[in-house]
Amino acid sequence: MQRDGGGSGNLVLIVDDVAALAQQYAYDLRRLGALEAITAADGAAALELLATEPVDCVILDLELPGTDGFEVLRTMERRGIRVPVIVYTGTGSYDRCAQAVRLGARSFIDKAEPMERVVQEIRTTLERERLHREVAALEREAGRDSPLIGSSPAMETVRAAIAKLASVPAPVLVVGESGSGKELVARELHRLGPVARGPFLAVNCAALPHELVESELFGHERGAFTGAVAVRKGAFEAAAGGTLLLDEIGELPLPAQAKLLRVLEQREVTRLGGNRTVRVDARVVAATNRDLDAEVRGGRFREDLLYRVNAHVVRVPPLCDRLSDVPELTHHLVAVTSARFRMRPKRVSAAALECLMAYEWRANNVRELRNVVERMLIACEGEEIGPDDVPADIRDDGAERHVRAGEPARTFHERRAEAERQIVLAALGRNDWHVTRTAAELGLADHASLLKIMRRHGISRAER
Ligand SMILES: Nc1ncnc2c1ncn2[C@@H]1O[C@H](COP(=O)(O)OP(=O)(O)OP(=O)(O)O)[C@@H](O)[C@H]1O
Ligand SMILES: [Mg+2]
């Protein structure tokens, strides 16, 4: 590798097997374009530099020994390297250039073109890339307020509830399992309501240390307690003219609950250590994944506070109650995640979607699906995410559930799950459902391993 220093901060990688030519190019780029340049003599070296150097643009010869230019483009695509490539060629073959563009190259230039044209082409490419990045960042920013995805009846019910409650000034309680989209619902209530132009502030009551909860919510005056060296506005004041989300309200300590009730009833807040009251005009949304009625029965949540916040409730259904939303959610998550990873979006095969729809999504609902989509995007080398890119635990679990439900096995994974189930059932039958003997016959480590497999397949002695 040879480096040619320049002043613009942009680094160009020139890939050409004729070293003298590459070096001349690097020299000219620096002189005419103030561009920094490094060179590589073959495809493998180019890919190595792309992995280690902050390259902004590649000038790529198509005819290279070993890994040729086309292969470099394919590998870049596979590895998700999104550095723009300009192909240059001495043969002037239009077909080859067109093929390179199909593989992801941005444009092509003839080796015979004057250097000024080459510099111009690089500048245009860099500028386009910069704009592209800017747009992606803006889209990401806007996507934070992204509307709820899903058109299942359950989701339509949620949307209808949001539309009805968005303009109601009274507190709204959003309940649902972890990762089901409670915060997104709260943001929608804000976005569609009269205070949409004001701030949206979320306070996670579970994440605050008990001794700081009240000061965080209601603020404090200077000297209110040791460490309160300056006046601090609380969340209620900071969210003035907007929406305050009290996330995980079920985790609020009892003394803070008493104060919160007073604030909600009187619509005014007093900072800790102060006596001046400040009018509260923030609209309040509370969220919880706990059963607040049970919390009341257990003495951990004030009944009067529950009645103050649960007059209007939005229930966010768990993902397993709206599996028909999985394909739409998956496509959406693939699009936003590939934008975030700066990858070209991939397709998702019908078979992969089937795997995802067979799974229960019990642990973390849409958040779990989002993580699975990230894993699949990284696992998938081609253009389309297939069943083999679905994480094995998700796939096997789904296949086993499918078979257990008595539905015909269609995919390879479902058939394998079914065969496993039949093998276990037959062995149990031969051994009169004696678990230790069956485990021994199947060559399993112990009876616990067999019990685990039986549980996974939903086999119980009742089937005997
Ligand atoms: N209907 C949906 N459409 C699009 N994205 C969704 C949807 N529901 C949830 N998500 C996404 O799933 C993730 C989890 O959602 P969110 O944070 O709103 O869940 P939560 O119920 O507040 O979770 P927790 O209980 O853990 O706080 C977020 O990335 C969110 O954007
Ligand atoms: Mg949340």
# chains A, B, ... in the order shown; residues from 1 in each chain; ligands from 1
$ residues_around --residues "Gly176 (chain A)" --least-positions-apart "5" --cutoff "7 Å" --atoms "only C-alpha atoms" --output "NGL selection string"
:A and (182 or 288-289 or 315-318)
$ select_by_dssp --residues "region 163-213 of chain A" --states "helix (DSSP H, G or I)" --output "count of residues only"
17
$ residues_near_ligand --ligand "ligand 1" --cutoff "9 Å" --atoms "only C-alpha atoms and all ligand atoms" --output "ChimeraX atom specification"
/A:143-150,155,174-187,204,247-248,287-289,316,319,325,328-329,332-333,364-370
$ residues_around --residues "region 100-116 of chain A" --least-positions-apart "5" --cutoff "10 Å" --atoms "only C-alpha atoms" --output "PDB file with N, CA and C atoms, in the first residue's frame"
ATOM      1  N   LEU A  21       0.551   2.857 -12.965  1.00  0.00           N
ATOM      2  CA  LEU A  21      -0.659   3.593 -13.325  1.00  0.00           C
ATOM      3  C   LEU A  21      -1.416   4.074 -12.090  1.00  0.00           C
ATOM      4  N   TYR A  25      -2.147   7.937 -10.878  1.00  0.00           N
ATOM      5  CA  TYR A  25      -3.502   8.388 -10.548  1.00  0.00           C
ATOM      6  C   TYR A  25      -3.535   9.036  -9.172  1.00  0.00           C
ATOM      7  N   ASP A  28      -1.934  12.389  -9.255  1.00  0.00           N
ATOM      8  CA  ASP A  28      -2.775  13.376  -9.933  1.00  0.00           C
ATOM      9  C   ASP A  28      -3.984  13.782  -9.098  1.00  0.00           C
ATOM     10  N   LEU A  29      -4.554  12.804  -8.399  1.00  0.00           N
ATOM     11  CA  LEU A  29      -5.731  13.119  -7.567  1.00  0.00           C
ATOM     12  C   LEU A  29      -5.348  14.110  -6.476  1.00  0.00           C
ATOM     13  N   LEU A  32      -4.501  17.601  -8.353  1.00  0.00           N
ATOM     14  CA  LEU A  32      -5.640  18.297  -8.978  1.00  0.00           C
ATOM     15  C   LEU A  32      -6.867  18.371  -8.071  1.00  0.00           C
ATOM     16  N   GLY A  33      -7.012  17.379  -7.221  1.00  0.00           N
ATOM     17  CA  GLY A  33      -8.264  17.316  -6.462  1.00  0.00           C
ATOM     18  C   GLY A  33      -8.084  17.452  -4.962  1.00  0.00           C
ATOM     19  N   VAL A  58     -13.958   4.348  -4.006  1.00  0.00           N
ATOM     20  CA  VAL A  58     -13.039   3.387  -4.634  1.00  0.00           C
ATOM     21  C   VAL A  58     -13.042   3.605  -6.140  1.00  0.00           C
ATOM     22  N   ILE A  59     -11.836   3.645  -6.725  1.00  0.00           N
ATOM     23  CA  ILE A  59     -11.705   3.610  -8.176  1.00  0.00           C
ATOM     24  C   ILE A  59     -11.260   2.191  -8.496  1.00  0.00           C
ATOM     25  N   LEU A  60     -12.091   1.470  -9.215  1.00  0.00           N
ATOM     26  CA  LEU A  60     -11.856   0.034  -9.347  1.00  0.00           C
ATOM     27  C   LEU A  60     -11.685  -0.387 -10.791  1.00  0.00           C
ATOM     28  N   ASP A  61     -10.548  -1.036 -11.059  1.00  0.00           N
ATOM     29  CA  ASP A  61     -10.319  -1.646 -12.360  1.00  0.00           C
ATOM     30  C   ASP A  61     -11.061  -2.984 -12.372  1.00  0.00           C
ATOM     31  N   LEU A  62     -11.681  -3.335 -13.482  1.00  0.00           N
ATOM     32  CA  LEU A  62     -12.424  -4.596 -13.501  1.00  0.00           C
ATOM     33  C   LEU A  62     -11.527  -5.788 -13.787  1.00  0.00           C
ATOM     34  N   GLY A  69     -12.583  -7.348 -10.420  1.00  0.00           N
ATOM     35  CA  GLY A  69     -13.414  -6.230  -9.962  1.00  0.00           C
ATOM     36  C   GLY A  69     -14.841  -6.640  -9.633  1.00  0.00           C
ATOM     37  N   PHE A  70     -15.417  -7.542 -10.450  1.00  0.00           N
ATOM     38  CA  PHE A  70     -16.796  -7.977 -10.200  1.00  0.00           C
ATOM     39  C   PHE A  70     -16.893  -8.669  -8.846  1.00  0.00           C
ATOM     40  N   GLU A  71     -15.865  -9.505  -8.579  1.00  0.00           N
ATOM     41  CA  GLU A  71     -15.867 -10.249  -7.321  1.00  0.00           C
ATOM     42  C   GLU A  71     -15.720  -9.280  -6.140  1.00  0.00           C
ATOM     43  N   VAL A  72     -14.916  -8.227  -6.337  1.00  0.00           N
ATOM     44  CA  VAL A  72     -14.764  -7.218  -5.273  1.00  0.00           C
ATOM     45  C   VAL A  72     -16.128  -6.603  -4.975  1.00  0.00           C
ATOM     46  N   LEU A  73     -16.877  -6.254  -6.032  1.00  0.00           N
ATOM     47  CA  LEU A  73     -18.198  -5.642  -5.847  1.00  0.00           C
ATOM     48  C   LEU A  73     -19.143  -6.603  -5.120  1.00  0.00           C
ATOM     49  N   ARG A  74     -19.109  -7.873  -5.540  1.00  0.00           N
ATOM     50  CA  ARG A  74     -19.993  -8.863  -4.901  1.00  0.00           C
ATOM     51  C   ARG A  74     -19.651  -9.013  -3.423  1.00  0.00           C
ATOM     52  N   THR A  75     -18.354  -9.105  -3.133  1.00  0.00           N
ATOM     53  CA  THR A  75     -17.952  -9.292  -1.737  1.00  0.00           C
ATOM     54  C   THR A  75     -18.323  -8.073  -0.892  1.00  0.00           C
ATOM     55  N   MET A  76     -18.139  -6.881  -1.472  1.00  0.00           N
ATOM     56  CA  MET A  76     -18.513  -5.661  -0.733  1.00  0.00           C
ATOM     57  C   MET A  76     -19.992  -5.704  -0.375  1.00  0.00           C
ATOM     58  N   GLU A  77     -20.788  -6.100  -1.346  1.00  0.00           N
ATOM     59  CA  GLU A  77     -22.230  -6.176  -1.123  1.00  0.00           C
ATOM     60  C   GLU A  77     -22.545  -7.169  -0.002  1.00  0.00           C
ATOM     61  N   ARG A  82     -20.588  -0.216   2.234  1.00  0.00           N
ATOM     62  CA  ARG A  82     -21.366   0.681   1.393  1.00  0.00           C
ATOM     63  C   ARG A  82     -20.543   1.826   0.807  1.00  0.00           C
ATOM     64  N   VAL A  83     -19.234   1.678   0.696  1.00  0.00           N
ATOM     65  CA  VAL A  83     -18.388   2.728   0.116  1.00  0.00           C
ATOM     66  C   VAL A  83     -18.670   2.808  -1.391  1.00  0.00           C
ATOM     67  N   PRO A  84     -18.902   4.030  -1.914  1.00  0.00           N
ATOM     68  CA  PRO A  84     -19.214   4.131  -3.339  1.00  0.00           C
ATOM     69  C   PRO A  84     -18.026   3.732  -4.223  1.00  0.00           C
ATOM     70  N   VAL A  85     -18.346   3.034  -5.315  1.00  0.00           N
ATOM     71  CA  VAL A  85     -17.313   2.546  -6.232  1.00  0.00           C
ATOM     72  C   VAL A  85     -17.498   3.162  -7.616  1.00  0.00           C
ATOM     73  N   ILE A  86     -16.412   3.686  -8.163  1.00  0.00           N
ATOM     74  CA  ILE A  86     -16.421   4.115  -9.562  1.00  0.00           C
ATOM     75  C   ILE A  86     -15.549   3.119 -10.317  1.00  0.00           C
ATOM     76  N   VAL A  87     -16.124   2.514 -11.337  1.00  0.00           N
ATOM     77  CA  VAL A  87     -15.378   1.526 -12.105  1.00  0.00           C
ATOM     78  C   VAL A  87     -14.618   2.250 -13.205  1.00  0.00           C
ATOM     79  N   TYR A  88     -13.361   1.890 -13.410  1.00  0.00           N
ATOM     80  CA  TYR A  88     -12.693   2.439 -14.585  1.00  0.00           C
ATOM     81  C   TYR A  88     -12.087   1.306 -15.400  1.00  0.00           C
ATOM     82  N   THR A  89     -12.136   1.506 -16.651  1.00  0.00           N
ATOM     83  CA  THR A  89     -11.768   0.394 -17.502  1.00  0.00           C
ATOM     84  C   THR A  89     -11.050   0.909 -18.741  1.00  0.00           C
ATOM     85  N   GLY A  90     -10.113   0.089 -19.188  1.00  0.00           N
ATOM     86  CA  GLY A  90      -9.369   0.492 -20.361  1.00  0.00           C
ATOM     87  C   GLY A  90     -10.001  -0.047 -21.638  1.00  0.00           C
ATOM     88  N   THR A  91     -10.781  -1.080 -21.484  1.00  0.00           N
ATOM     89  CA  THR A  91     -11.315  -1.733 -22.671  1.00  0.00           C
ATOM     90  C   THR A  91     -12.508  -0.991 -23.259  1.00  0.00           C
ATOM     91  N   GLY A  92     -13.130  -0.142 -22.446  1.00  0.00           N
ATOM     92  CA  GLY A  92     -14.266   0.642 -22.930  1.00  0.00           C
ATOM     93  C   GLY A  92     -15.484  -0.195 -23.247  1.00  0.00           C
ATOM     94  N   SER A  93     -15.560  -1.382 -22.631  1.00  0.00           N
ATOM     95  CA  SER A  93     -16.706  -2.235 -22.903  1.00  0.00           C
ATOM     96  C   SER A  93     -17.911  -1.801 -22.076  1.00  0.00           C
ATOM     97  N   TYR A  94     -18.945  -1.355 -22.771  1.00  0.00           N
ATOM     98  CA  TYR A  94     -20.126  -0.838 -22.101  1.00  0.00           C
ATOM     99  C   TYR A  94     -20.835  -1.933 -21.305  1.00  0.00           C
ATOM    100  N   ASP A  95     -20.895  -3.148 -21.894  1.00  0.00           N
ATOM    101  CA  ASP A  95     -21.603  -4.247 -21.235  1.00  0.00           C
ATOM    102  C   ASP A  95     -21.016  -4.574 -19.867  1.00  0.00           C
ATOM    103  N   GLU A 121     -15.768  13.560 -11.238  1.00  0.00           N
ATOM    104  CA  GLU A 121     -16.627  12.396 -11.000  1.00  0.00           C
ATOM    105  C   GLU A 121     -16.539  11.955  -9.529  1.00  0.00           C
ATOM    106  N   ILE A 122     -15.314  11.969  -9.004  1.00  0.00           N
ATOM    107  CA  ILE A 122     -15.138  11.577  -7.596  1.00  0.00           C
ATOM    108  C   ILE A 122     -15.856  12.570  -6.685  1.00  0.00           C
ATOM    109  N   THR A 125     -19.533  12.039  -6.729  1.00  0.00           N
ATOM    110  CA  THR A 125     -19.877  10.817  -5.991  1.00  0.00           C
ATOM    111  C   THR A 125     -19.830  11.051  -4.486  1.00  0.00           C
ATOM    112  N   ARG A 344     -27.924  -2.363   2.058  1.00  0.00           N
ATOM    113  CA  ARG A 344     -29.049  -2.373   1.140  1.00  0.00           C
ATOM    114  C   ARG A 344     -30.130  -3.275   1.756  1.00  0.00           C
TER     115      ARG A 344
END
$ select_by_dssp --residues "region 121-285 of chain A" --states "strand (DSSP E)" --output "count of residues only"
27
$ closest_residue --among "A:Gln99, A:Pro255, A:His413, A:Val203" --to "ligand 2" --atoms "only C-alpha atoms and all ligand atoms"
A:Val203
$ atom_distance --atom1 "CA of Pro194 (chain A)" --atom2 "CA of Ala207 (chain A)"
29.0 Å
$ closest_residue --among "A:Val118, A:Val12, A:Val280, A:Ala351" --to "Arg410 (chain A)" --atoms "only C-alpha atoms"
A:Ala351
$ residues_around --residues "region 300-304 of chain A" --least-positions-apart "2" --cutoff "8 Å" --atoms "only C-alpha atoms" --output "mmCIF file with C-alpha atoms, in the first residue's frame"
data_model
loop_
_atom_site.group_PDB
_atom_site.id
_atom_site.type_symbol
_atom_site.label_atom_id
_atom_site.label_comp_id
_atom_site.auth_asym_id
_atom_site.auth_seq_id
_atom_site.Cartn_x
_atom_site.Cartn_y
_atom_site.Cartn_z
ATOM 1 C CA GLY A 250 -46.112 0.404 39.020
ATOM 2 C CA LEU A 254 -45.438 4.554 47.918
ATOM 3 C CA GLN A 257 -47.328 7.741 44.718
ATOM 4 C CA ALA A 258 -49.011 9.885 47.375
ATOM 5 C CA LEU A 261 -51.844 11.656 43.326
ATOM 6 C CA LEU A 292 -51.957 -2.845 38.861
ATOM 7 C CA GLU A 295 -50.352 -4.533 42.972
ATOM 8 C CA VAL A 296 -53.184 -2.784 44.843
ATOM 9 C CA ARG A 297 -54.224 -6.072 46.445
ATOM 10 C CA GLY A 298 -50.621 -6.676 47.450
ATOM 11 C CA LEU A 306 -55.046 3.605 40.337
ATOM 12 C CA TYR A 307 -58.530 5.110 40.031
ATOM 13 C CA ARG A 308 -56.993 8.440 39.115
#
$ residues_around --residues "Ala405 (chain A)" --least-positions-apart "6" --cutoff "12 Å" --atoms "only C-alpha atoms" --output "PyMOL selection string"
chain A and resi 358+398-399+414+418+457-459
$ write_last_selection --atoms "all heavy atoms" --output "PDB file, in the first residue's frame"
ATOM      1  N   ALA A 358     -44.560 -18.757  13.374  1.00  0.00           N
ATOM      2  CA  ALA A 358     -44.854 -19.950  14.177  1.00  0.00           C
ATOM      3  C   ALA A 358     -44.336 -19.776  15.607  1.00  0.00           C
ATOM      4  O   ALA A 358     -44.679 -20.540  16.491  1.00  0.00           O
ATOM      5  CB  ALA A 358     -44.222 -21.177  13.533  1.00  0.00           C
ATOM      6  N   GLY A 398     -40.597 -22.707  16.936  1.00  0.00           N
ATOM      7  CA  GLY A 398     -41.781 -22.495  16.096  1.00  0.00           C
ATOM      8  C   GLY A 398     -42.224 -23.787  15.440  1.00  0.00           C
ATOM      9  O   GLY A 398     -43.405 -24.130  15.433  1.00  0.00           O
ATOM     10  N   ALA A 399     -41.251 -24.541  14.900  1.00  0.00           N
ATOM     11  CA  ALA A 399     -41.566 -25.792  14.209  1.00  0.00           C
ATOM     12  C   ALA A 399     -42.211 -26.782  15.175  1.00  0.00           C
ATOM     13  O   ALA A 399     -43.200 -27.447  14.856  1.00  0.00           O
ATOM     14  CB  ALA A 399     -40.297 -26.383  13.596  1.00  0.00           C
ATOM     15  N   GLU A 414     -40.051 -28.238  10.252  1.00  0.00           N
ATOM     16  CA  GLU A 414     -41.253 -28.820  10.849  1.00  0.00           C
ATOM     17  C   GLU A 414     -41.220 -30.345  10.737  1.00  0.00           C
ATOM     18  O   GLU A 414     -41.588 -31.057  11.664  1.00  0.00           O
ATOM     19  CB  GLU A 414     -42.507 -28.255  10.166  1.00  0.00           C
ATOM     20  CG  GLU A 414     -42.818 -26.831  10.617  1.00  0.00           C
ATOM     21  CD  GLU A 414     -43.836 -26.135   9.733  1.00  0.00           C
ATOM     22  OE1 GLU A 414     -44.434 -26.814   8.870  1.00  0.00           O
ATOM     23  OE2 GLU A 414     -44.022 -24.929   9.899  1.00  0.00           O
ATOM     24  N   GLU A 418     -41.275 -33.043  13.671  1.00  0.00           N
ATOM     25  CA  GLU A 418     -42.270 -34.107  13.743  1.00  0.00           C
ATOM     26  C   GLU A 418     -41.592 -35.467  13.906  1.00  0.00           C
ATOM     27  O   GLU A 418     -42.005 -36.285  14.724  1.00  0.00           O
ATOM     28  CB  GLU A 418     -43.124 -34.112  12.474  1.00  0.00           C
ATOM     29  CG  GLU A 418     -44.190 -35.193  12.520  1.00  0.00           C
ATOM     30  CD  GLU A 418     -45.176 -35.039  11.383  1.00  0.00           C
ATOM     31  OE1 GLU A 418     -44.782 -35.270  10.226  1.00  0.00           O
ATOM     32  OE2 GLU A 418     -46.321 -34.645  11.656  1.00  0.00           O
ATOM     33  N   HIS A 457     -41.628 -30.722  23.168  1.00  0.00           N
ATOM     34  CA  HIS A 457     -42.589 -31.192  22.177  1.00  0.00           C
ATOM     35  C   HIS A 457     -43.990 -31.287  22.751  1.00  0.00           C
ATOM     36  O   HIS A 457     -44.899 -31.792  22.088  1.00  0.00           O
ATOM     37  CB  HIS A 457     -42.161 -32.560  21.637  1.00  0.00           C
ATOM     38  CG  HIS A 457     -40.987 -32.471  20.712  1.00  0.00           C
ATOM     39  ND1 HIS A 457     -41.115 -32.092  19.404  1.00  0.00           N
ATOM     40  CD2 HIS A 457     -39.656 -32.665  20.923  1.00  0.00           C
ATOM     41  CE1 HIS A 457     -39.914 -32.086  18.846  1.00  0.00           C
ATOM     42  NE2 HIS A 457     -39.014 -32.417  19.748  1.00  0.00           N
ATOM     43  N   GLY A 458     -44.147 -30.872  23.978  1.00  0.00           N
ATOM     44  CA  GLY A 458     -45.477 -30.910  24.587  1.00  0.00           C
ATOM     45  C   GLY A 458     -45.969 -32.340  24.789  1.00  0.00           C
ATOM     46  O   GLY A 458     -47.160 -32.610  24.742  1.00  0.00           O
ATOM     47  N   ILE A 459     -45.029 -33.291  25.008  1.00  0.00           N
ATOM     48  CA  ILE A 459     -45.438 -34.685  25.248  1.00  0.00           C
ATOM     49  C   ILE A 459     -45.601 -34.883  26.750  1.00  0.00           C
ATOM     50  O   ILE A 459     -44.679 -34.608  27.510  1.00  0.00           O
ATOM     51  CB  ILE A 459     -44.356 -35.671  24.731  1.00  0.00           C
ATOM     52  CG1 ILE A 459     -44.167 -35.474  23.226  1.00  0.00           C
ATOM     53  CG2 ILE A 459     -44.754 -37.106  25.057  1.00  0.00           C
ATOM     54  CD1 ILE A 459     -42.998 -36.270  22.669  1.00  0.00           C
TER      55      ILE A 459
END
$ closest_residue --among "A:Leu35, A:Ile394, A:Ala440, A:Ala339" --to "Leu353 (chain A)" --atoms "only C-alpha atoms"
A:Ile394
$ closest_residue --among "A:Cys205, A:Ala462, A:Ala282, A:Ala439" --to "ligand 2" --atoms "only C-alpha atoms and all ligand atoms"
A:Cys205
